[in-house]
file model_23.pdb (PDB, C-alpha atoms and all ligand atoms)
ATOM      1  CA  MET A   1      88.979  69.976  47.199
ATOM      2  CA  ASN A   2      85.800  69.025  49.093
ATOM      3  CA  ASP A   3      82.282  68.658  47.630
ATOM      4  CA  ASP A   4      81.148  72.209  48.699
ATOM      5  CA  ALA A   5      84.196  73.816  47.119
ATOM      6  CA  GLN A   6      83.734  71.792  43.944
ATOM      7  CA  LEU A   7      80.062  72.883  43.756
ATOM      8  CA  SER A   8      80.971  76.573  44.267
ATOM      9  CA  GLU A   9      83.703  76.371  41.573
ATOM     10  CA  GLY A  10      81.133  74.777  39.238
ATOM     11  CA  ALA A  11      78.587  77.524  39.977
ATOM     12  CA  LYS A  12      81.209  80.218  39.240
ATOM     13  CA  GLU A  13      82.067  78.588  35.916
ATOM     14  CA  ALA A  14      78.349  78.436  35.033
ATOM     15  CA  GLY A  15      78.056  82.174  35.872
ATOM     16  CA  VAL A  16      75.669  81.628  38.828
ATOM     17  CA  PRO A  17      76.103  84.472  41.421
ATOM     18  CA  GLU A  18      77.177  83.332  44.924
ATOM     19  CA  GLU A  19      74.541  83.597  47.666
ATOM     20  CA  PRO A  20      75.363  86.382  50.188
ATOM     21  CA  VAL A  21      76.211  85.158  53.714
ATOM     22  CA  PRO A  22      73.457  86.321  56.124
ATOM     23  CA  GLU A  23      74.636  89.261  58.341
ATOM     24  CA  LYS A  24      74.118  87.359  61.618
ATOM     25  CA  GLU A  25      76.188  84.442  60.344
ATOM     26  CA  ALA A  26      78.977  86.806  59.235
ATOM     27  CA  GLN A  27      79.068  88.385  62.712
ATOM     28  CA  SER A  28      79.281  85.021  64.423
ATOM     29  CA  GLN A  29      82.334  84.221  62.321
ATOM     30  CA  GLU A  30      84.260  87.246  63.803
ATOM     31  CA  ALA A  31      86.789  86.491  66.570
ATOM     32  CA  PRO A  32      85.197  86.965  70.022
ATOM     33  CA  LYS A  33      86.216  90.211  71.752
ATOM     34  CA  PRO A  34      88.617  89.748  74.681
ATOM     35  CA  PRO A  35      87.054  90.514  78.084
ATOM     36  CA  SER A  36      87.561  94.091  79.182
ATOM     37  CA  VAL A  37      86.652  96.526  81.927
ATOM     38  CA  ARG A  38      85.863 100.225  81.848
ATOM     39  CA  VAL A  39      88.146 102.075  84.288
ATOM     40  CA  ARG A  40      87.028 105.504  85.513
ATOM     41  CA  ILE A  41      89.937 107.411  87.002
ATOM     42  CA  ARG A  42      89.831 110.642  88.952
ATOM     43  CA  ARG A  43      92.192 113.113  87.263
ATOM     44  CA  GLY A  44      93.567 116.512  88.187
ATOM     45  CA  GLY A  45      95.472 118.164  91.018
ATOM     46  CA  ALA A  46      94.390 119.077  94.552
ATOM     47  CA  ALA A  47      90.688 119.147  95.488
ATOM     48  CA  GLY A  48      88.986 122.134  93.861
ATOM     49  CA  ASP A  49      91.289 122.061  90.818
ATOM     50  CA  PRO A  50      89.139 123.375  87.905
ATOM     51  CA  ASP A  51      90.636 120.552  85.830
ATOM     52  CA  GLU A  52      89.317 117.876  88.225
ATOM     53  CA  ARG A  53      87.407 115.227  86.287
ATOM     54  CA  PHE A  54      86.939 111.510  85.653
ATOM     55  CA  ASP A  55      88.561 110.015  82.551
ATOM     56  CA  GLU A  56      87.430 106.651  81.212
ATOM     57  CA  PHE A  57      89.610 103.928  79.732
ATOM     58  CA  GLN A  58      88.730 100.514  78.343
ATOM     59  CA  VAL A  59      91.252  97.900  79.482
ATOM     60  CA  GLU A  60      91.544  94.286  78.314
ATOM     61  CA  THR A  61      91.517  91.930  81.255
ATOM     62  CA  GLY A  62      93.150  88.585  81.898
ATOM     63  CA  PRO A  63      93.071  85.978  84.644
ATOM     64  CA  ARG A  64      94.243  87.128  88.101
ATOM     65  CA  MET A  65      94.637  90.699  86.849
ATOM     66  CA  THR A  66      94.734  93.354  89.585
ATOM     67  CA  VAL A  67      93.701  97.001  89.772
ATOM     68  CA  LEU A  68      97.401  97.889  89.693
ATOM     69  CA  ASP A  69      97.860  95.859  86.462
ATOM     70  CA  ALA A  70      94.969  97.824  84.937
ATOM     71  CA  LEU A  71      96.548 101.141  85.958
ATOM     72  CA  VAL A  72      99.912 100.125  84.488
ATOM     73  CA  ALA A  73      98.128  99.060  81.265
ATOM     74  CA  VAL A  74      96.407 102.465  81.024
ATOM     75  CA  GLN A  75      99.647 104.312  81.683
ATOM     76  CA  SER A  76     101.701 102.328  79.168
ATOM     77  CA  ALA A  77      99.184 102.204  76.313
ATOM     78  CA  GLN A  78      96.725 105.073  76.696
ATOM     79  CA  GLU A  79      97.695 107.849  79.115
ATOM     80  CA  PRO A  80     101.404 108.163  79.972
ATOM     81  CA  ALA A  81     100.698 111.261  82.122
ATOM     82  CA  LEU A  82      98.571 109.306  84.638
ATOM     83  CA  SER A  83      99.930 109.692  88.208
ATOM     84  CA  PHE A  84      99.726 106.909  90.780
ATOM     85  CA  ARG A  85     102.151 105.230  93.173
ATOM     86  CA  TYR A  86     103.369 101.696  93.640
ATOM     87  CA  SER A  87     106.573  99.926  94.470
ATOM     88  CA  CYS A  88     106.633  96.278  95.609
ATOM     89  CA  ARG A  89     103.500  94.974  93.771
ATOM     90  CA  VAL A  90     103.045  92.274  96.432
ATOM     91  CA  GLY A  91     101.376  93.921  99.433
ATOM     92  CA  MET A  92     104.542  94.787 101.328
ATOM     93  CA  CYS A  93     105.181  98.522 100.882
ATOM     94  CA  GLY A  94     101.666  99.992 101.107
ATOM     95  CA  THR A  95     102.358 102.705  98.519
ATOM     96  CA  CYS A  96      99.647 101.632  96.056
ATOM     97  CA  ALA A  97      96.731 102.414  98.401
ATOM     98  CA  LEU A  98      93.780 104.183  96.752
ATOM     99  CA  LYS A  99      89.975 104.043  96.642
ATOM    100  CA  VAL A 100      88.442 101.265  94.538
ATOM    101  CA  ASN A 101      84.702 101.706  93.992
ATOM    102  CA  GLY A 102      84.581 103.970  97.035
ATOM    103  CA  ARG A 103      86.548 101.752  99.429
ATOM    104  CA  PRO A 104      90.207 102.135 100.387
ATOM    105  CA  ALA A 105      92.327  99.192  99.201
ATOM    106  CA  TRP A 106      95.754  98.171  97.938
ATOM    107  CA  ALA A 107      95.722  98.300  94.125
ATOM    108  CA  CYS A 108      98.258  95.461  93.878
ATOM    109  CA  ARG A 109      96.160  93.045  95.974
ATOM    110  CA  THR A 110      92.726  93.873  94.565
ATOM    111  CA  ARG A 111      91.708  91.562  91.736
ATOM    112  CA  LEU A 112      89.450  92.818  88.944
ATOM    113  CA  GLU A 113      87.271  89.710  89.169
ATOM    114  CA  GLY A 114      84.155  90.505  91.103
ATOM    115  CA  LEU A 115      84.459  94.288  90.710
ATOM    116  CA  GLY A 116      82.029  94.469  87.781
ATOM    117  CA  ASP A 117      82.294  95.850  84.226
ATOM    118  CA  GLU A 118      83.148  99.316  85.445
ATOM    119  CA  ILE A 119      85.495 100.320  88.248
ATOM    120  CA  THR A 120      86.050 103.768  89.714
ATOM    121  CA  LEU A 121      89.456 104.705  91.094
ATOM    122  CA  GLU A 122      90.028 107.719  93.338
ATOM    123  CA  PRO A 123      92.802 108.926  95.639
ATOM    124  CA  LEU A 124      92.651 108.033  99.349
ATOM    125  CA  ALA A 125      90.320 110.250 101.397
ATOM    126  CA  ASN A 126      91.709 112.437 104.237
ATOM    127  CA  PHE A 127      94.983 113.126 102.373
ATOM    128  CA  PRO A 128      95.817 116.181 100.252
ATOM    129  CA  VAL A 129      95.880 115.176  96.571
ATOM    130  CA  LEU A 130      99.060 115.885  94.610
ATOM    131  CA  SER A 131      98.007 114.670  91.176
ATOM    132  CA  ASP A 132      95.408 112.195  89.864
ATOM    133  CA  LEU A 133      95.630 109.265  92.327
ATOM    134  CA  ALA A 134      98.843 110.271  94.130
ATOM    135  CA  VAL A 135      98.379 111.825  97.578
ATOM    136  CA  ASP A 136     100.667 113.684  99.963
ATOM    137  CA  MET A 137     101.445 111.371 102.886
ATOM    138  CA  SER A 138     103.180 114.072 104.993
ATOM    139  CA  PRO A 139     100.289 114.722 107.450
ATOM    140  CA  PHE A 140     100.161 110.982 108.188
ATOM    141  CA  PHE A 141     103.894 110.726 108.907
ATOM    142  CA  GLU A 142     103.836 113.986 110.906
ATOM    143  CA  LYS A 143     101.398 112.275 113.237
ATOM    144  CA  MET A 144     103.680 109.250 113.530
ATOM    145  CA  LYS A 145     106.331 111.744 114.660
ATOM    146  CA  ARG A 146     103.935 113.385 117.142
ATOM    147  CA  ALA A 147     103.311 109.956 118.665
ATOM    148  CA  ARG A 148     107.099 109.400 118.688
ATOM    149  CA  GLY A 149     106.660 106.179 116.735
ATOM    150  CA  TRP A 150     110.155 104.882 117.359
ATOM    151  CA  LEU A 151     111.743 102.969 120.223
ATOM    152  CA  GLU A 152     113.624 105.012 122.840
ATOM    153  CA  PRO A 153     115.699 102.207 124.364
ATOM    154  CA  THR A 154     116.170 101.800 128.103
ATOM    155  CA  GLY A 155     119.798 101.670 129.307
ATOM    156  CA  LEU A 156     119.513  97.899 129.571
ATOM    157  CA  ALA A 157     118.113  97.486 126.050
ATOM    158  CA  GLU A 158     120.953  99.624 124.694
ATOM    159  CA  LYS A 159     123.574  97.338 126.225
ATOM    160  CA  ALA A 160     122.296  93.901 125.185
ATOM    161  CA  PRO A 161     119.554  92.339 123.073
ATOM    162  CA  ALA A 162     116.405  92.015 125.172
ATOM    163  CA  LEU A 163     114.950  88.554 125.596
ATOM    164  CA  ILE A 164     111.179  88.588 125.275
ATOM    165  CA  ALA A 165     109.655  85.123 125.272
ATOM    166  CA  PRO A 166     107.253  84.438 122.373
ATOM    167  CA  ASN A 167     104.569  83.239 124.791
ATOM    168  CA  SER A 168     104.996  86.067 127.299
ATOM    169  CA  ARG A 169     102.044  88.392 128.004
ATOM    170  CA  GLU A 170     104.062  91.302 126.667
ATOM    171  CA  ARG A 171     104.719  89.655 123.313
ATOM    172  CA  LYS A 172     101.128  88.414 122.975
ATOM    173  CA  ARG A 173      99.798  91.910 123.642
ATOM    174  CA  ILE A 174     102.007  93.518 120.998
ATOM    175  CA  GLU A 175     101.973  90.726 118.376
ATOM    176  CA  PRO A 176      98.627  91.536 116.659
ATOM    177  CA  HIS A 177      99.678  95.172 116.157
ATOM    178  CA  ILE A 178     103.234  95.078 114.834
ATOM    179  CA  GLU A 179     102.724  94.246 111.154
ATOM    180  CA  CYS A 180     101.651  97.770 110.147
ATOM    181  CA  ILE A 181     103.222  98.879 106.844
ATOM    182  CA  THR A 182     102.004 102.502 107.132
ATOM    183  CA  CYS A 183      99.834 102.322 104.006
ATOM    184  CA  GLY A 184      97.394 104.931 105.357
ATOM    185  CA  ILE A 185      94.236 102.936 104.600
ATOM    186  CA  CYS A 186      93.014 103.070 108.207
ATOM    187  CA  TYR A 187      93.686 106.820 108.273
ATOM    188  CA  ALA A 188      91.733 107.287 105.036
ATOM    189  CA  SER A 189      88.750 105.351 106.374
ATOM    190  CA  CYS A 190      88.599 107.132 109.752
ATOM    191  CA  SER A 191      85.664 109.536 109.920
ATOM    192  CA  ILE A 192      87.166 111.317 112.952
ATOM    193  CA  VAL A 193      90.310 112.193 110.940
ATOM    194  CA  GLY A 194      87.913 113.489 108.278
ATOM    195  CA  HIS A 195      86.321 115.874 110.821
ATOM    196  CA  ASP A 196      89.396 116.791 112.856
ATOM    197  CA  SER A 197      92.682 117.054 111.008
ATOM    198  CA  ASP A 198      94.608 117.366 114.333
ATOM    199  CA  TYR A 199      93.537 113.915 115.521
ATOM    200  CA  LEU A 200      96.539 111.568 115.638
ATOM    201  CA  GLY A 201      94.632 108.846 113.815
ATOM    202  CA  PRO A 202      94.582 105.045 114.018
ATOM    203  CA  ALA A 203      98.036 104.135 112.655
ATOM    204  CA  ALA A 204     100.044 106.475 114.922
ATOM    205  CA  LEU A 205      98.055 105.366 117.977
ATOM    206  CA  ASN A 206      98.456 101.709 117.024
ATOM    207  CA  ARG A 207     102.220 102.258 116.848
ATOM    208  CA  ALA A 208     102.206 104.055 120.214
ATOM    209  CA  TYR A 209     100.364 101.093 121.730
ATOM    210  CA  THR A 210     103.089  98.656 120.663
ATOM    211  CA  LEU A 211     105.749 100.900 122.261
ATOM    212  CA  VAL A 212     103.840 101.636 125.470
ATOM    213  CA  ASN A 213     103.655  97.871 126.026
ATOM    214  CA  ASP A 214     107.309  97.236 125.124
ATOM    215  CA  SER A 215     109.567  96.756 128.155
ATOM    216  CA  ARG A 216     112.579  97.875 126.078
ATOM    217  CA  ASP A 217     111.081 101.356 125.602
ATOM    218  CA  ALA A 218     112.182 104.011 128.084
ATOM    219  CA  LEU A 219     109.394 106.527 127.438
ATOM    220  CA  GLY A 220     106.637 104.478 129.118
ATOM    221  CA  LEU A 221     104.305 106.818 130.976
ATOM    222  CA  GLU A 222     105.611 109.877 129.156
ATOM    223  CA  ARG A 223     104.574 108.413 125.794
ATOM    224  CA  LEU A 224     101.241 107.280 127.225
ATOM    225  CA  LEU A 225     100.440 110.801 128.443
ATOM    226  CA  GLU A 226     101.464 112.278 125.103
ATOM    227  CA  VAL A 227      99.087 110.127 123.089
ATOM    228  CA  CYS A 228      96.178 109.993 125.559
ATOM    229  CA  THR A 229      95.047 113.555 124.930
ATOM    230  CA  GLU A 230      92.020 115.288 123.462
ATOM    231  CA  GLU A 231      93.589 114.993 119.972
ATOM    232  CA  GLY A 232      94.856 111.476 120.696
ATOM    233  CA  ALA A 233      93.264 108.287 122.017
ATOM    234  CA  TRP A 234      90.348 110.090 123.708
ATOM    235  CA  ARG A 235      89.175 111.482 120.368
ATOM    236  CA  CYS A 236      88.474 107.957 119.029
ATOM    237  CA  HIS A 237      84.776 107.020 119.039
ATOM    238  CA  SER A 238      85.431 103.297 118.456
ATOM    239  CA  GLN A 239      83.628 103.187 115.121
ATOM    240  CA  TYR A 240      85.913 100.359 113.905
ATOM    241  CA  ASN A 241      86.187 101.736 110.332
ATOM    242  CA  CYS A 242      89.992 101.457 110.562
ATOM    243  CA  THR A 243      89.821  97.892 111.844
ATOM    244  CA  GLU A 244      87.394  96.843 109.106
ATOM    245  CA  SER A 245      89.562  98.267 106.350
ATOM    246  CA  CYS A 246      93.107  97.332 107.454
ATOM    247  CA  PRO A 247      94.447  94.844 104.864
ATOM    248  CA  LYS A 248      96.881  93.443 107.447
ATOM    249  CA  GLY A 249      94.076  92.463 109.814
ATOM    250  CA  ILE A 250      95.292  94.859 112.506
ATOM    251  CA  SER A 251      92.797  96.401 114.924
ATOM    252  CA  PRO A 252      93.890  99.977 115.598
ATOM    253  CA  THR A 253      90.605 100.407 117.505
ATOM    254  CA  GLY A 254      91.718  97.605 119.852
ATOM    255  CA  ALA A 255      95.084  99.333 120.323
ATOM    256  CA  ILE A 256      93.407 102.671 121.102
ATOM    257  CA  LYS A 257      91.149 100.977 123.641
ATOM    258  CA  GLY A 258      94.270  99.433 125.184
ATOM    259  CA  LEU A 259      95.877 102.890 125.479
ATOM    260  CA  LYS A 260      92.739 104.269 127.149
ATOM    261  CA  ARG A 261      92.689 101.339 129.590
ATOM    262  CA  ARG A 262      96.327 101.883 130.521
ATOM    263  CA  ALA A 263      95.767 105.615 131.001
ATOM    264  CA  VAL A 264      92.791 104.965 133.282
ATOM    265  CA  THR A 265      94.502 102.265 135.368
ATOM    266  CA  GLY A 266      97.661 104.425 135.551
ATOM    267  CA  GLY A 267      95.523 107.368 136.732
ATOM    268  CA  VAL A 268      93.740 105.262 139.347
ATOM    269  CA  LYS A 269      97.083 103.974 140.655
ATOM    270  CA  ARG A 270      98.485 107.507 140.910
ATOM    271  CA  PHE A 271      95.285 108.643 142.657
ATOM    272  CA  ALA A 272      95.507 105.784 145.202
ATOM    273  CA  ALA A 273      99.226 106.427 145.767
ATOM    274  CA  SER A 274      98.576 110.116 146.438
ATOM    275  CA  ILE A 275      95.899 109.204 149.014
ATOM    276  CA  PHE A 276      98.248 106.792 150.790
ATOM    277  CA  ARG A 277     100.890 109.497 150.868
ATOM    278  CA  GLY A 278      98.289 111.733 152.548
ATOM    279  CA  ARG A 279      98.258 114.297 149.776
ATOM    280  CA  ALA A 280      95.409 115.593 147.681
ATOM    281  CA  PRO A 281      95.560 114.167 144.116
ATOM    282  CA  GLY A 282      97.607 116.427 141.897
ATOM    283  CA  ALA A 283      99.006 118.427 144.854
TER     284      ALA A 283
HETATM  285  S1  LIG B   1      97.158  99.780 110.631
HETATM  286 FE1  LIG B   1      96.703  98.621 108.715
HETATM  287  S2  LIG B   1      95.606 100.079 107.437
HETATM  288 FE2  LIG B   1      96.614 101.278 109.043
HETATM  289  S3  LIG B   1      98.528 101.955 108.127
HETATM  290 FE3  LIG B   1      98.936 100.037 109.240
HETATM  291  S4  LIG B   1      98.702  98.410 107.713
HETATM  292 FE4  LIG B   1      97.769 100.231 106.817
HETATM  293  S1  LIG B   2     102.713  98.076  95.556
HETATM  294 FE1  LIG B   2     103.477  97.629  97.555
HETATM  295  S2  LIG B   2     101.669  97.173  98.687
HETATM  296 FE2  LIG B   2     100.947  97.475  96.655
END

call {"tool": "encode", "arguments": {"input": "model_23.pdb", "output": "structure tokens"}}
result
Amino acid sequence: MNDDAQLSEGAKEAGVPEEPVPEKEAQSQEAPKPPSVRVRIRRGGAAGDPDERFDEFQVETGPRMTVLDALVAVQSAQEPALSFRYSCRVGMCGTCALKVNGRPAWACRTRLEGLGDEITLEPLANFPVLSDLAVDMSPFFEKMKRARGWLEPTGLAEKAPALIAPNSRERKRIEPHIECITCGICYASCSIVGHDSDYLGPAALNRAYTLVNDSRDALGLERLLEVCTEEGAWRCHSQYNCTESCPKGISPTGAIKGLKRRAVTGGVKRFAASIFRGRAPGA
């Protein structure tokens, strides 16, 4: 027993009341609270749902914790009915895209550090909401279909694997645009999509660009004419919102500019050819 304990035992025996511990001192002896963040989550069904609201949850945080970790923590410990999507957790599938503090982002690759004591999570803009944070991706994939976002192989490409050199102009042109994982973030950040729901949007046009430049694709000019329309490439105002927000570092704006360039040079060539053939353009 140490000296303090001996003294206190002695005081008890002598009937001397113990001195109360000052309140401040007692508080400082409590275990420190673990760091936490307040998460505000948009709840409810489609826009205009009378039940639409923001619910708040306090979530304990740890090192390297992501927005997706926080959502999983809320769903497992506080609100099992919370709807949101994810799959790979490592930035490969694109399904976890949502708005974090007003900006579109992947939940699985957005760390809580640096976001502040309170974060607000909302579904992606420009998509119909299904429930809480989950949106309906169908309009986005419909537009991929309208742009015919798949390869239509030439006869040659069907017969044998095509050899495209890594340092060829063709490969270099396509390379910066092929890593799209169709997460929809560019589509959600595009103000033109917000105004005109028929506009093909950045991801579909970016995909079309890779195919228009691919020598293995048989559609060539046909595809170019299909996507360079009033509701296609010509609708883009080059605001670069899509390029700024793409987590893969793709520039859909650059791709759309490339489509416009090809359409113009193709048009000029056809115009010149018609003159040389002695016919009025379009006759
Ligand atoms: S271009 Fe980027 S932001 Fe747009 S869908 Fe593809 S990966 Fe997502
Ligand atoms: S869960 Fe797949 S990209 Fe986030």

call {"tool": "closest_residue", "arguments": {"input": "model_23.pdb", "among": "A:Gly94, A:Gly266, A:Gly232, A:Gly155", "to": "ligand LIG 2 (chain B)", "atoms": "all atoms listed in the file"}}
result
A:Gly94

call {"tool": "closest_residue", "arguments": {"input": "model_23.pdb", "among": "A:Gly102, A:Gly258, A:Gly91, A:Pro153", "to": "ligand LIG 1 (chain B)", "atoms": "all atoms listed in the file"}}
result
A:Gly91

call {"tool": "resolve_selection", "arguments": {"input": "model_23.pdb", "expression": "the PyMOL selection byres (((not hetatm)) within 12 of (chain B and resi 2))", "output": "PDB file with C-alpha atoms, keeping the file's coordinate frame"}}
result
ATOM      1  CA  THR A  66      94.734  93.354  89.585  1.00  0.00           C
ATOM      2  CA  VAL A  67      93.701  97.001  89.772  1.00  0.00           C
ATOM      3  CA  LEU A  68      97.401  97.889  89.693  1.00  0.00           C
ATOM      4  CA  ASP A  69      97.860  95.859  86.462  1.00  0.00           C
ATOM      5  CA  LEU A  71      96.548 101.141  85.958  1.00  0.00           C
ATOM      6  CA  VAL A  72      99.912 100.125  84.488  1.00  0.00           C
ATOM      7  CA  PHE A  84      99.726 106.909  90.780  1.00  0.00           C
ATOM      8  CA  ARG A  85     102.151 105.230  93.173  1.00  0.00           C
ATOM      9  CA  TYR A  86     103.369 101.696  93.640  1.00  0.00           C
ATOM     10  CA  SER A  87     106.573  99.926  94.470  1.00  0.00           C
ATOM     11  CA  CYS A  88     106.633  96.278  95.609  1.00  0.00           C
ATOM     12  CA  ARG A  89     103.500  94.974  93.771  1.00  0.00           C
ATOM     13  CA  VAL A  90     103.045  92.274  96.432  1.00  0.00           C
ATOM     14  CA  GLY A  91     101.376  93.921  99.433  1.00  0.00           C
ATOM     15  CA  MET A  92     104.542  94.787 101.328  1.00  0.00           C
ATOM     16  CA  CYS A  93     105.181  98.522 100.882  1.00  0.00           C
ATOM     17  CA  GLY A  94     101.666  99.992 101.107  1.00  0.00           C
ATOM     18  CA  THR A  95     102.358 102.705  98.519  1.00  0.00           C
ATOM     19  CA  CYS A  96      99.647 101.632  96.056  1.00  0.00           C
ATOM     20  CA  ALA A  97      96.731 102.414  98.401  1.00  0.00           C
ATOM     21  CA  LEU A  98      93.780 104.183  96.752  1.00  0.00           C
ATOM     22  CA  ALA A 105      92.327  99.192  99.201  1.00  0.00           C
ATOM     23  CA  TRP A 106      95.754  98.171  97.938  1.00  0.00           C
ATOM     24  CA  ALA A 107      95.722  98.300  94.125  1.00  0.00           C
ATOM     25  CA  CYS A 108      98.258  95.461  93.878  1.00  0.00           C
ATOM     26  CA  ARG A 109      96.160  93.045  95.974  1.00  0.00           C
ATOM     27  CA  THR A 110      92.726  93.873  94.565  1.00  0.00           C
ATOM     28  CA  CYS A 180     101.651  97.770 110.147  1.00  0.00           C
ATOM     29  CA  ILE A 181     103.222  98.879 106.844  1.00  0.00           C
ATOM     30  CA  THR A 182     102.004 102.502 107.132  1.00  0.00           C
ATOM     31  CA  CYS A 183      99.834 102.322 104.006  1.00  0.00           C
ATOM     32  CA  GLY A 184      97.394 104.931 105.357  1.00  0.00           C
ATOM     33  CA  ILE A 185      94.236 102.936 104.600  1.00  0.00           C
ATOM     34  CA  PRO A 247      94.447  94.844 104.864  1.00  0.00           C
ATOM     35  CA  LYS A 248      96.881  93.443 107.447  1.00  0.00           C
TER      36      LYS A 248
END

call {"tool": "axis_aligned_box", "arguments": {"input": "model_23.pdb", "around": "ligand LIG 1 (chain B)", "padding_each_side": "8 Å", "output": "AutoDock Vina command-line options"}}
result
--center_x 97.3 --center_y 100.2 --center_z 108.7 --size_x 19.3 --size_y 19.5 --size_z 19.8

call {"tool": "residues_around", "arguments": {"input": "model_23.pdb", "residues": "Glu158 in chain A", "least_positions_apart": "5", "cutoff": "12 Å", "atoms": "all atoms listed in the file", "output": "number ranges by chain"}}
result
A: 151-153, 216-218

call {"tool": "residues_near_point", "arguments": {"input": "model_23.pdb", "point": "(89.3, 111.9, 114.7)", "cutoff": "6 Å", "atoms": "all atoms listed in the file", "output": "list in words"}}
result
Ile192, Val193, Asp196, Tyr199, Arg235 and Cys236 of chain A

call {"tool": "closest_residue", "arguments": {"input": "model_23.pdb", "among": "A:Glu170, A:Glu56, A:Glu30, A:Asp214", "to": "Leu121 in chain A", "atoms": "all atoms listed in the file"}}
result
A:Glu56

call {"tool": "closest_residue", "arguments": {"input": "model_23.pdb", "among": "A:Ile119, A:Leu219, A:Cys186, A:Val264", "to": "ligand LIG 1 (chain B)", "atoms": "all atoms listed in the file"}}
result
A:Cys186

call {"tool": "residues_around", "arguments": {"input": "model_23.pdb", "residues": "Pro139 in chain A", "least_positions_apart": "6", "cutoff": "9 Å", "atoms": "only C-alpha atoms", "output": "list in words"}}
result
Phe127, Pro128 and Ser197 of chain A

call {"tool": "write_last_selection", "arguments": {"input": "model_23.pdb", "atoms": "C-alpha atoms", "output": "compact mmCIF listing (two decimals), in the coordinates of the input"}}
result
# COMPACT_ATOMS: atom_id res chain seq x y z
CA PHE A 127 94.98 113.13 102.37
CA PRO A 128 95.82 116.18 100.25
CA SER A 197 92.68 117.05 111.01

call {"tool": "resolve_selection", "arguments": {"input": "model_23.pdb", "expression": "the PyMOL selection byres (((chain A and resi 177) around 9) and not hetatm)", "output": "PyMOL selection string"}}
result
chain A and resi 173-176+178-180+206-207+209-210+249-252+255

call {"tool": "atom_distance", "arguments": {"input": "model_23.pdb", "atom1": "CA of Lys33 in chain A", "atom2": "CA of Val59 in chain A"}}
result
12.0 Å

call {"tool": "atom_distance", "arguments": {"input": "model_23.pdb", "atom1": "CA of Pro32 in chain A", "atom2": "CA of Glu60 in chain A"}}
result
12.8 Å

call {"tool": "atom_distance", "arguments": {"input": "model_23.pdb", "atom1": "atom FE2 of ligand LIG 1 (chain B)", "atom2": "CA of Ile256 in chain A"}}
result
12.6 Å

call {"tool": "residues_around", "arguments": {"input": "model_23.pdb", "residues": "Leu225 in chain A", "least_positions_apart": "6", "cutoff": "12 Å", "atoms": "all atoms listed in the file", "output": "PyMOL selection string"}}
result
chain A and resi 147-148+208-209+212+219+231-234+259-260+262-264+266-267

call {"tool": "closest_residue", "arguments": {"input": "model_23.pdb", "among": "A:Leu221, A:Leu124, A:Ala70, A:Cys228", "to": "ligand LIG 1 (chain B)", "atoms": "only C-alpha atoms and all ligand atoms"}}
result
A:Leu124

call {"tool": "residues_near_point", "arguments": {"input": "model_23.pdb", "point": "(99.2, 113.9, 110.2)", "cutoff": "8 Å", "atoms": "only C-alpha atoms", "output": "list of chain:residue names"}}
result
A:Ser138, A:Pro139, A:Phe140, A:Phe141, A:Glu142, A:Lys143, A:Met144, A:Ser197, A:Asp198, A:Tyr199, A:Leu200, A:Gly201

call {"tool": "residues_around", "arguments": {"input": "model_23.pdb", "residues": "Asn241 in chain A", "least_positions_apart": "5", "cutoff": "9 Å", "atoms": "only C-alpha atoms", "output": "count of residues only"}}
result
6

call {"tool": "resolve_selection", "arguments": {"input": "model_23.pdb", "expression": "the PyMOL selection byres (((chain A and resi 120) around 7) and not hetatm)", "output": "PDB file with C-alpha atoms, in the frame of the given file"}}
result
ATOM      1  CA  VAL A  39      88.146 102.075  84.288  1.00  0.00           C
ATOM      2  CA  ARG A  40      87.028 105.504  85.513  1.00  0.00           C
ATOM      3  CA  ILE A  41      89.937 107.411  87.002  1.00  0.00           C
ATOM      4  CA  VAL A 100      88.442 101.265  94.538  1.00  0.00           C
ATOM      5  CA  ASN A 101      84.702 101.706  93.992  1.00  0.00           C
ATOM      6  CA  GLU A 118      83.148  99.316  85.445  1.00  0.00           C
ATOM      7  CA  ILE A 119      85.495 100.320  88.248  1.00  0.00           C
ATOM      8  CA  LEU A 121      89.456 104.705  91.094  1.00  0.00           C
ATOM      9  CA  GLU A 122      90.028 107.719  93.338  1.00  0.00           C
TER      10      GLU A 122
END

call {"tool": "closest_residue", "arguments": {"input": "model_23.pdb", "among": "A:Gly194, A:Pro123, A:Gly114, A:Pro104", "to": "ligand LIG 1 (chain B)", "atoms": "only C-alpha atoms and all ligand atoms"}}
result
A:Pro104

call {"tool": "residues_around", "arguments": {"input": "model_23.pdb", "residues": "Gly45 in chain A", "least_positions_apart": "4", "cutoff": "6 Å", "atoms": "all atoms listed in the file", "output": "PDB file with C-alpha atoms, in the frame of the given file"}}
result
ATOM      1  CA  ASP A  49      91.289 122.061  90.818  1.00  0.00           C
ATOM      2  CA  LEU A 130      99.060 115.885  94.610  1.00  0.00           C
ATOM      3  CA  SER A 131      98.007 114.670  91.176  1.00  0.00           C
TER       4      SER A 131
END
